[in-house]
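Undergrad: Sharing a structure, written as C-alpha coordinates. Questions coming.
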Amino acid sequence: MSLAAVVIILVLGAGDLLLQQDLNASHAYADRFSQALALAAKPGSRVAILGPGTGGGSAGGLAVIPHGGGGILVAHDLAPTSGSQVYEAWVIAGQSAPAPAGSFTVGSDGRGWLEALPSPPAGASGGPMTVALTREPGPGATKPTLPIVSSGAAGSATS
(Lines give C-alpha, C1' and ligand atoms only; values in the text may rest on other atoms or scores of the structure.)
Protein backbone atom coordinates (compact mmCIF):
# COMPACT_ATOMS: atom_id res chain seq x y z
CA MET A 1 0.00 0.00 0.00
CA SER A 2 1.36 3.38 -0.91
CA LEU A 3 2.02 6.12 1.60
CA ALA A 4 -0.67 8.26 -0.05
CA ALA A 5 -3.29 5.53 0.48
CA VAL A 6 -2.32 5.19 4.16
CA VAL A 7 -2.60 8.97 4.64
CA ILE A 8 -6.03 9.02 2.95
CA ILE A 9 -7.27 6.19 5.19
CA LEU A 10 -6.00 7.98 8.30
CA VAL A 11 -7.62 11.27 7.27
CA LEU A 12 -10.94 9.57 6.50
CA GLY A 13 -10.82 7.71 9.81
CA ALA A 14 -10.13 10.91 11.74
CA GLY A 15 -12.92 12.69 9.89
CA ASP A 16 -15.33 9.87 10.73
CA LEU A 17 -14.35 10.07 14.40
CA LEU A 18 -14.97 13.84 14.49
CA LEU A 19 -18.37 13.43 12.81
CA GLN A 20 -19.31 10.75 15.36
CA GLN A 21 -18.32 13.05 18.23
CA ASP A 22 -20.39 15.89 16.74
CA LEU A 23 -23.36 13.55 16.31
CA ASN A 24 -23.07 12.34 19.92
CA ALA A 25 -22.91 15.95 21.18
CA SER A 26 -25.98 16.85 19.11
CA HIS A 27 -27.91 13.90 20.52
CA ALA A 28 -26.94 14.82 24.08
CA TYR A 29 -28.10 18.42 23.57
CA ALA A 30 -31.37 17.25 21.97
CA ASP A 31 -31.96 14.91 24.93
CA ARG A 32 -31.47 17.77 27.42
CA PHE A 33 -33.77 20.02 25.40
CA SER A 34 -36.46 17.30 25.42
CA GLN A 35 -36.05 16.97 29.20
CA ALA A 36 -36.52 20.74 29.55
CA LEU A 37 -39.73 20.66 27.50
CA ALA A 38 -41.09 17.78 29.59
CA LEU A 39 -40.32 19.66 32.82
CA ALA A 40 -41.91 22.83 31.44
CA ALA A 41 -45.22 20.97 31.09
CA LYS A 42 -45.28 19.98 34.76
CA PRO A 43 -47.45 22.02 37.15
CA GLY A 44 -45.47 24.54 39.20
CA SER A 45 -42.62 24.95 36.69
CA ARG A 46 -41.19 28.38 35.88
CA VAL A 47 -39.92 28.78 32.30
CA ALA A 48 -37.52 31.40 30.96
CA ILE A 49 -36.78 31.81 27.25
CA LEU A 50 -33.20 33.10 27.14
CA GLY A 51 -32.12 35.63 24.54
CA PRO A 52 -28.99 37.71 23.92
CA GLY A 53 -27.78 39.59 26.98
CA THR A 54 -26.33 43.04 27.48
CA GLY A 55 -23.10 41.99 25.75
CA GLY A 56 -24.88 41.42 22.42
CA GLY A 57 -24.30 38.26 20.42
CA SER A 58 -26.86 35.62 19.55
CA ALA A 59 -26.82 33.36 22.63
CA GLY A 60 -30.14 31.93 23.70
CA GLY A 61 -31.75 28.97 25.36
CA LEU A 62 -34.37 27.67 27.72
CA ALA A 63 -34.37 27.43 31.51
CA VAL A 64 -37.00 25.44 33.41
CA ILE A 65 -37.21 25.58 37.19
CA PRO A 66 -39.76 23.17 38.67
CA HIS A 67 -41.27 23.92 42.07
CA GLY A 68 -39.34 21.09 43.73
CA GLY A 69 -35.96 21.82 42.12
CA GLY A 70 -34.07 19.65 39.68
CA GLY A 71 -34.48 22.10 36.81
CA ILE A 72 -32.54 22.28 33.58
CA LEU A 73 -31.02 24.98 31.41
CA VAL A 74 -29.99 24.45 27.79
CA ALA A 75 -28.14 27.15 25.86
CA HIS A 76 -26.81 27.64 22.34
CA ASP A 77 -24.63 30.03 20.33
CA LEU A 78 -22.20 30.51 23.22
CA ALA A 79 -18.47 31.04 22.78
CA PRO A 80 -16.54 27.90 23.74
CA THR A 81 -14.94 27.84 27.17
CA SER A 82 -11.29 27.00 27.67
CA GLY A 83 -9.08 26.22 30.62
CA SER A 84 -11.05 26.78 33.82
CA GLN A 85 -13.64 29.10 32.22
CA VAL A 86 -17.33 28.31 32.78
CA TYR A 87 -20.72 29.79 32.15
CA GLU A 88 -22.56 30.50 35.38
CA ALA A 89 -26.35 30.54 35.61
CA TRP A 90 -27.85 33.15 37.93
CA VAL A 91 -31.36 33.38 39.33
CA ILE A 92 -32.57 36.85 40.23
CA ALA A 93 -35.83 36.98 42.20
CA GLY A 94 -37.48 40.40 42.21
CA GLN A 95 -35.01 42.99 43.52
CA SER A 96 -32.77 40.39 45.22
CA ALA A 97 -29.09 40.04 44.43
CA PRO A 98 -28.26 37.41 41.75
CA ALA A 99 -27.91 33.93 43.25
CA PRO A 100 -25.55 31.47 41.52
CA ALA A 101 -27.40 28.41 40.22
CA GLY A 102 -24.59 26.32 38.75
CA SER A 103 -21.92 26.33 36.09
CA PHE A 104 -21.15 24.43 32.88
CA THR A 105 -18.61 24.37 30.08
CA VAL A 106 -19.21 24.79 26.35
CA GLY A 107 -17.46 23.00 23.51
CA SER A 108 -16.78 24.09 19.96
CA ASP A 109 -20.43 23.50 18.98
CA GLY A 110 -21.47 26.49 21.16
CA ARG A 111 -23.99 24.44 23.16
CA GLY A 112 -24.13 23.64 26.84
CA TRP A 113 -26.50 22.66 29.61
CA LEU A 114 -26.94 22.64 33.32
CA GLU A 115 -29.01 19.82 34.79
CA ALA A 116 -29.28 20.87 38.41
CA LEU A 117 -31.09 24.21 38.57
CA PRO A 118 -32.27 24.62 42.16
CA SER A 119 -35.76 25.48 43.37
CA PRO A 120 -36.69 29.14 43.02
CA PRO A 121 -35.12 31.21 45.80
CA ALA A 122 -37.19 32.16 48.84
CA GLY A 123 -39.54 35.01 48.04
CA ALA A 124 -39.75 34.08 44.35
CA SER A 125 -43.01 32.17 44.54
CA GLY A 126 -45.02 33.67 41.72
CA GLY A 127 -43.07 36.95 41.68
CA PRO A 128 -40.78 38.22 38.96
CA MET A 129 -37.70 36.10 38.36
CA THR A 130 -34.89 36.32 35.82
CA VAL A 131 -32.40 33.67 34.73
CA ALA A 132 -29.10 35.01 33.37
CA LEU A 133 -25.80 33.57 32.09
CA THR A 134 -22.35 35.06 32.51
CA ARG A 135 -18.95 33.82 31.43
CA GLU A 136 -16.71 33.39 34.45
CA PRO A 137 -12.95 32.78 34.77
CA GLY A 138 -13.68 29.68 36.86
CA PRO A 139 -16.38 27.94 38.90
CA GLY A 140 -17.54 29.27 42.25
CA ALA A 141 -18.38 32.88 41.31
CA THR A 142 -20.36 34.69 44.02
CA LYS A 143 -21.34 37.68 41.87
CA PRO A 144 -21.74 37.95 38.09
CA THR A 145 -18.89 39.06 35.85
CA LEU A 146 -20.43 41.40 33.30
CA PRO A 147 -21.58 41.48 30.58
CA ILE A 148 -24.59 39.20 30.81
CA VAL A 149 -24.30 36.76 27.91
CA SER A 150 -27.94 35.64 27.86
CA SER A 151 -31.02 36.22 30.00
CA GLY A 152 -34.77 35.80 30.19
CA ALA A 153 -37.68 36.42 32.51
CA ALA A 154 -39.20 33.32 34.07
CA GLY A 155 -42.94 33.29 33.66
CA SER A 156 -45.35 32.46 36.44
CA ALA A 157 -45.52 28.86 37.56
CA THR A 158 -47.62 26.66 35.28
CA SER A 159 -50.76 25.20 36.79
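Naming works like this for the C-alpha coordinates: A, B, ... for the chains as they're shown, residue 1 at the start of each chain, ligands 1 onward in shown order.
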Stretch 40-52 of chain A: which residues within 10 Å, counting only C-alpha atoms, same-chain residues fewer than 4 positions away excluded, as a ChimeraX atom specification?

TA: /A:34-36,56-69,71-78,119-120,125-126,129-133,148-159

Undergrad: Name the residues in contact with A:Pro100 at a cut-off of 9 Å, using only C-alpha atoms, excluding same-chain residues fewer than 6 positions from it; report them as a short mmCIF file (atom, residue, chain, number, x, y, z; two decimals) with all heavy atoms, in the first residue's frame.

TA:
data_model
loop_
_atom_site.label_atom_id
_atom_site.label_comp_id
_atom_site.auth_asym_id
_atom_site.auth_seq_id
_atom_site.Cartn_x
_atom_site.Cartn_y
_atom_site.Cartn_z
N GLU A 88 -21.83 30.60 34.12
CA GLU A 88 -22.56 30.50 35.38
C GLU A 88 -24.00 30.95 35.15
O GLU A 88 -24.24 31.98 34.51
CB GLU A 88 -21.92 31.38 36.46
CG GLU A 88 -22.61 31.33 37.81
CD GLU A 88 -22.39 30.01 38.54
OE1 GLU A 88 -21.29 29.44 38.44
OE2 GLU A 88 -23.34 29.54 39.21
N ALA A 89 -24.94 30.16 35.63
CA ALA A 89 -26.35 30.54 35.61
C ALA A 89 -26.66 31.28 36.91
O ALA A 89 -26.19 30.90 37.98
CB ALA A 89 -27.23 29.30 35.47
N TRP A 90 -27.45 32.33 36.78
CA TRP A 90 -27.85 33.15 37.93
C TRP A 90 -29.35 33.24 37.96
O TRP A 90 -29.99 33.38 36.91
CB TRP A 90 -27.27 34.55 37.82
CG TRP A 90 -25.78 34.57 37.71
CD1 TRP A 90 -25.04 34.53 36.57
CD2 TRP A 90 -24.86 34.60 38.78
NE1 TRP A 90 -23.70 34.52 36.88
CE2 TRP A 90 -23.56 34.57 38.23
CE3 TRP A 90 -24.99 34.65 40.17
CZ2 TRP A 90 -22.41 34.59 39.00
CZ3 TRP A 90 -23.84 34.67 40.95
CH2 TRP A 90 -22.57 34.64 40.36
N VAL A 91 -29.93 33.18 39.15
CA VAL A 91 -31.36 33.38 39.33
C VAL A 91 -31.53 34.66 40.13
O VAL A 91 -30.91 34.84 41.18
CB VAL A 91 -32.02 32.18 40.05
CG1 VAL A 91 -33.49 32.45 40.31
CG2 VAL A 91 -31.85 30.91 39.22
N ILE A 92 -32.34 35.56 39.59
CA ILE A 92 -32.57 36.85 40.23
C ILE A 92 -34.07 36.95 40.52
O ILE A 92 -34.88 37.01 39.59
CB ILE A 92 -32.12 38.01 39.32
CG1 ILE A 92 -30.67 37.79 38.89
CG2 ILE A 92 -32.30 39.35 40.04
CD1 ILE A 92 -30.27 38.52 37.64
N GLY A 140 -17.48 28.74 40.89
CA GLY A 140 -17.54 29.27 42.25
C GLY A 140 -17.75 30.77 42.35
O GLY A 140 -17.56 31.34 43.42
N ALA A 141 -18.16 31.43 41.26
CA ALA A 141 -18.38 32.88 41.31
C ALA A 141 -19.50 33.19 42.31
O ALA A 141 -20.48 32.46 42.41
CB ALA A 141 -18.74 33.41 39.93
N THR A 142 -19.34 34.28 43.05
CA THR A 142 -20.36 34.69 44.02
C THR A 142 -21.12 35.91 43.54
O THR A 142 -22.15 36.27 44.11
CB THR A 142 -19.73 34.98 45.39
OG1 THR A 142 -18.71 35.98 45.23
CG2 THR A 142 -19.13 33.71 45.98
N LYS A 143 -20.61 36.59 42.51
CA LYS A 143 -21.34 37.68 41.87
C LYS A 143 -20.99 37.66 40.39
O LYS A 143 -19.89 37.25 40.00
CB LYS A 143 -21.06 39.03 42.52
CG LYS A 143 -19.64 39.51 42.45
CD LYS A 143 -19.51 40.84 43.16
CE LYS A 143 -18.10 41.36 42.96
NZ LYS A 143 -17.95 42.70 43.51
N PRO A 144 -21.94 38.06 39.54
CA PRO A 144 -21.74 37.95 38.09
C PRO A 144 -20.61 38.83 37.57
O PRO A 144 -20.42 39.97 38.02
CB PRO A 144 -23.07 38.41 37.51
CG PRO A 144 -24.04 38.42 38.63
CD PRO A 144 -23.26 38.57 39.88
#

Undergrad: One number please: atom CA of A:Leu39 to atom CA of A:Thr145, in Å, one decimal.

TA: 29.1 Å

Undergrad: Please identify which residues in stretch 12-91 of chain A DSSP calls alpha helix (DSSP H) from the backbone, and express them as a PyMOL selection string.

TA: chain A and resi 12-40

Undergrad: Choose the residue, out of A:Ala99, A:Ser2, A:Gly127, A:Asp31, that has the smallest atom-to-atom separation from A:Gly112; count only C-alpha atoms.

TA: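 The closest residue to A:Gly112 is A:Asp31.
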
Undergrad: Could you tell me which of A:Gly70, A:Leu37, A:Phe104, A:Gly55 comes closest to A:Leu117 if we count only C-alpha atoms?

TA: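 Distance minimum relative to A:Leu117 lands on A:Gly70.
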